[in-house]
Amino acid sequence: MASNSNVSSTLNELTEFVNDRIEGYKTAAEDTKDAQHKSYYQQLADQSQRFADELNGFARNYGGAGEDSTTTKGKLYRGWMDVKSAVTGKDEKAILDSNVYGEEWALKAYKEAFESGDLPQPVQQAVERQYQTSQQTYDKLKSMGGQSHP
């Protein structure tokens, strides 16, 4: 069994990626001109906030402080997307592609967290549930026309 500090550390790292997800979907909701996409992105931002709250609750239960920041990579990527959006005029395809890319990173972070061996069973189950929901989101974004990134 992993130590409490390993549990909270793994959860905090995952939560940074979930916080990236929140910021990404908030930005997408602001940038899109499609009313249906806007509503969907807002739902995903809200869902991501619930995920982060749940993960932070678990982290606090295991002696951590919780996490409210994002990853450096996420900050850099959002900065690059802001520049790209200014050039492309916030193209719907570019927004979708950006969201697919963000979900790819979130899926990797979830997979690493639940494969780490650091998570007790109830936490493991919550992380796997969030992973499955993120996978469904990824699949839906791709069906909406978003492209995978190699």
# chains A, B, ... in the order shown; residues from 1 in each chain; ligands from 1
$ closest_atom_pairs --of "stretch 98-136 of chain A" --to "stretch 4-12 of chain A" --cutoff "7 Å" --atoms "only C-alpha atoms" --output "tab-separated table"
residue	atom	partner	partner_atom	distance
A:Ala113	CA	A:Thr10	CA	6.1
A:Asp118	CA	A:Val7	CA	5.3
A:Leu119	CA	A:Val7	CA	5.6
$ residues_around --residues "A:Glu128" --least-positions-apart "6" --cutoff "9 Å" --atoms "only C-alpha atoms" --output "MDAnalysis selection string"
chainID A and resid 110:111 114
$ residues_around --residues "stretch 94-105 of chain A" --least-positions-apart "6" --cutoff "8 Å" --atoms "only C-alpha atoms" --output "VMD selection string"
chain A and resid 17 20 to 21 24 to 25 28 31 to 32 81 85 134 to 135 137 to 138 141 to 142 144 to 149
$ select_by_dssp --residues "stretch 9-146 of chain A" --states "helix (DSSP H, G or I)" --output "ChimeraX atom specification"
/A:9-31,35-61,72-88,92-115,121-143
$ atom_distance --atom1 "atom CA of A:Ala59" --atom2 "atom CA of A:Gln43"
24.3 Å
$ residues_around --residues "A:Asp34" --least-positions-apart "3" --cutoff "12 Å" --atoms "only C-alpha atoms" --output "list in words"
Ala28, Ala29, Glu30, Asp31, His37, Lys38, Ser39, Tyr40, Tyr41, Lys90, Asp91, Glu92, Lys93, Ile95 and Leu96 of chain A
$ write_last_selection --atoms "N, CA and C atoms" --output "mmCIF file, in the first residue's frame"
data_model
loop_
_atom_site.group_PDB
_atom_site.id
_atom_site.type_symbol
_atom_site.label_atom_id
_atom_site.label_comp_id
_atom_site.auth_asym_id
_atom_site.auth_seq_id
_atom_site.Cartn_x
_atom_site.Cartn_y
_atom_site.Cartn_z
ATOM 1 N N ALA A 28 -12.693 27.408 -24.678
ATOM 2 C CA ALA A 28 -13.435 26.956 -25.864
ATOM 3 C C ALA A 28 -14.854 27.523 -25.853
ATOM 4 N N ALA A 29 -15.498 27.534 -24.683
ATOM 5 C CA ALA A 29 -16.858 28.073 -24.582
ATOM 6 C C ALA A 29 -16.886 29.566 -24.918
ATOM 7 N N GLU A 30 -15.832 30.282 -24.535
ATOM 8 C CA GLU A 30 -15.753 31.713 -24.849
ATOM 9 C C GLU A 30 -15.476 31.947 -26.330
ATOM 10 N N ASP A 31 -14.651 31.064 -26.932
ATOM 11 C CA ASP A 31 -14.193 31.291 -28.301
ATOM 12 C C ASP A 31 -15.149 30.798 -29.377
ATOM 13 N N HIS A 37 -22.024 23.938 -29.355
ATOM 14 C CA HIS A 37 -20.671 23.664 -28.864
ATOM 15 C C HIS A 37 -20.424 24.433 -27.566
ATOM 16 N N LYS A 38 -20.881 25.688 -27.533
ATOM 17 C CA LYS A 38 -20.691 26.512 -26.329
ATOM 18 C C LYS A 38 -21.314 25.832 -25.118
ATOM 19 N N SER A 39 -22.551 25.370 -25.270
ATOM 20 C CA SER A 39 -23.240 24.700 -24.174
ATOM 21 C C SER A 39 -22.495 23.429 -23.752
ATOM 22 N N TYR A 40 -22.031 22.650 -24.721
ATOM 23 C CA TYR A 40 -21.302 21.413 -24.426
ATOM 24 C C TYR A 40 -19.991 21.716 -23.703
ATOM 25 N N TYR A 41 -19.254 22.707 -24.171
ATOM 26 C CA TYR A 41 -17.978 23.059 -23.529
ATOM 27 C C TYR A 41 -18.196 23.559 -22.097
ATOM 28 N N LYS A 90 -10.535 32.187 -34.459
ATOM 29 C CA LYS A 90 -11.244 31.247 -33.581
ATOM 30 C C LYS A 90 -12.057 30.251 -34.389
ATOM 31 N N ASP A 91 -11.406 29.633 -35.338
ATOM 32 C CA ASP A 91 -11.988 28.625 -36.209
ATOM 33 C C ASP A 91 -12.532 27.452 -35.391
ATOM 34 N N GLU A 92 -13.753 27.011 -35.694
ATOM 35 C CA GLU A 92 -14.387 25.920 -34.944
ATOM 36 C C GLU A 92 -13.559 24.637 -34.995
ATOM 37 N N LYS A 93 -12.991 24.336 -36.129
ATOM 38 C CA LYS A 93 -12.163 23.123 -36.273
ATOM 39 C C LYS A 93 -10.947 23.206 -35.361
ATOM 40 N N ILE A 95 -10.706 24.870 -32.589
ATOM 41 C CA ILE A 95 -11.176 24.733 -31.213
ATOM 42 C C ILE A 95 -11.404 23.260 -30.892
ATOM 43 N N LEU A 96 -12.068 22.551 -31.797
ATOM 44 C CA LEU A 96 -12.296 21.116 -31.595
ATOM 45 C C LEU A 96 -10.977 20.358 -31.483
#
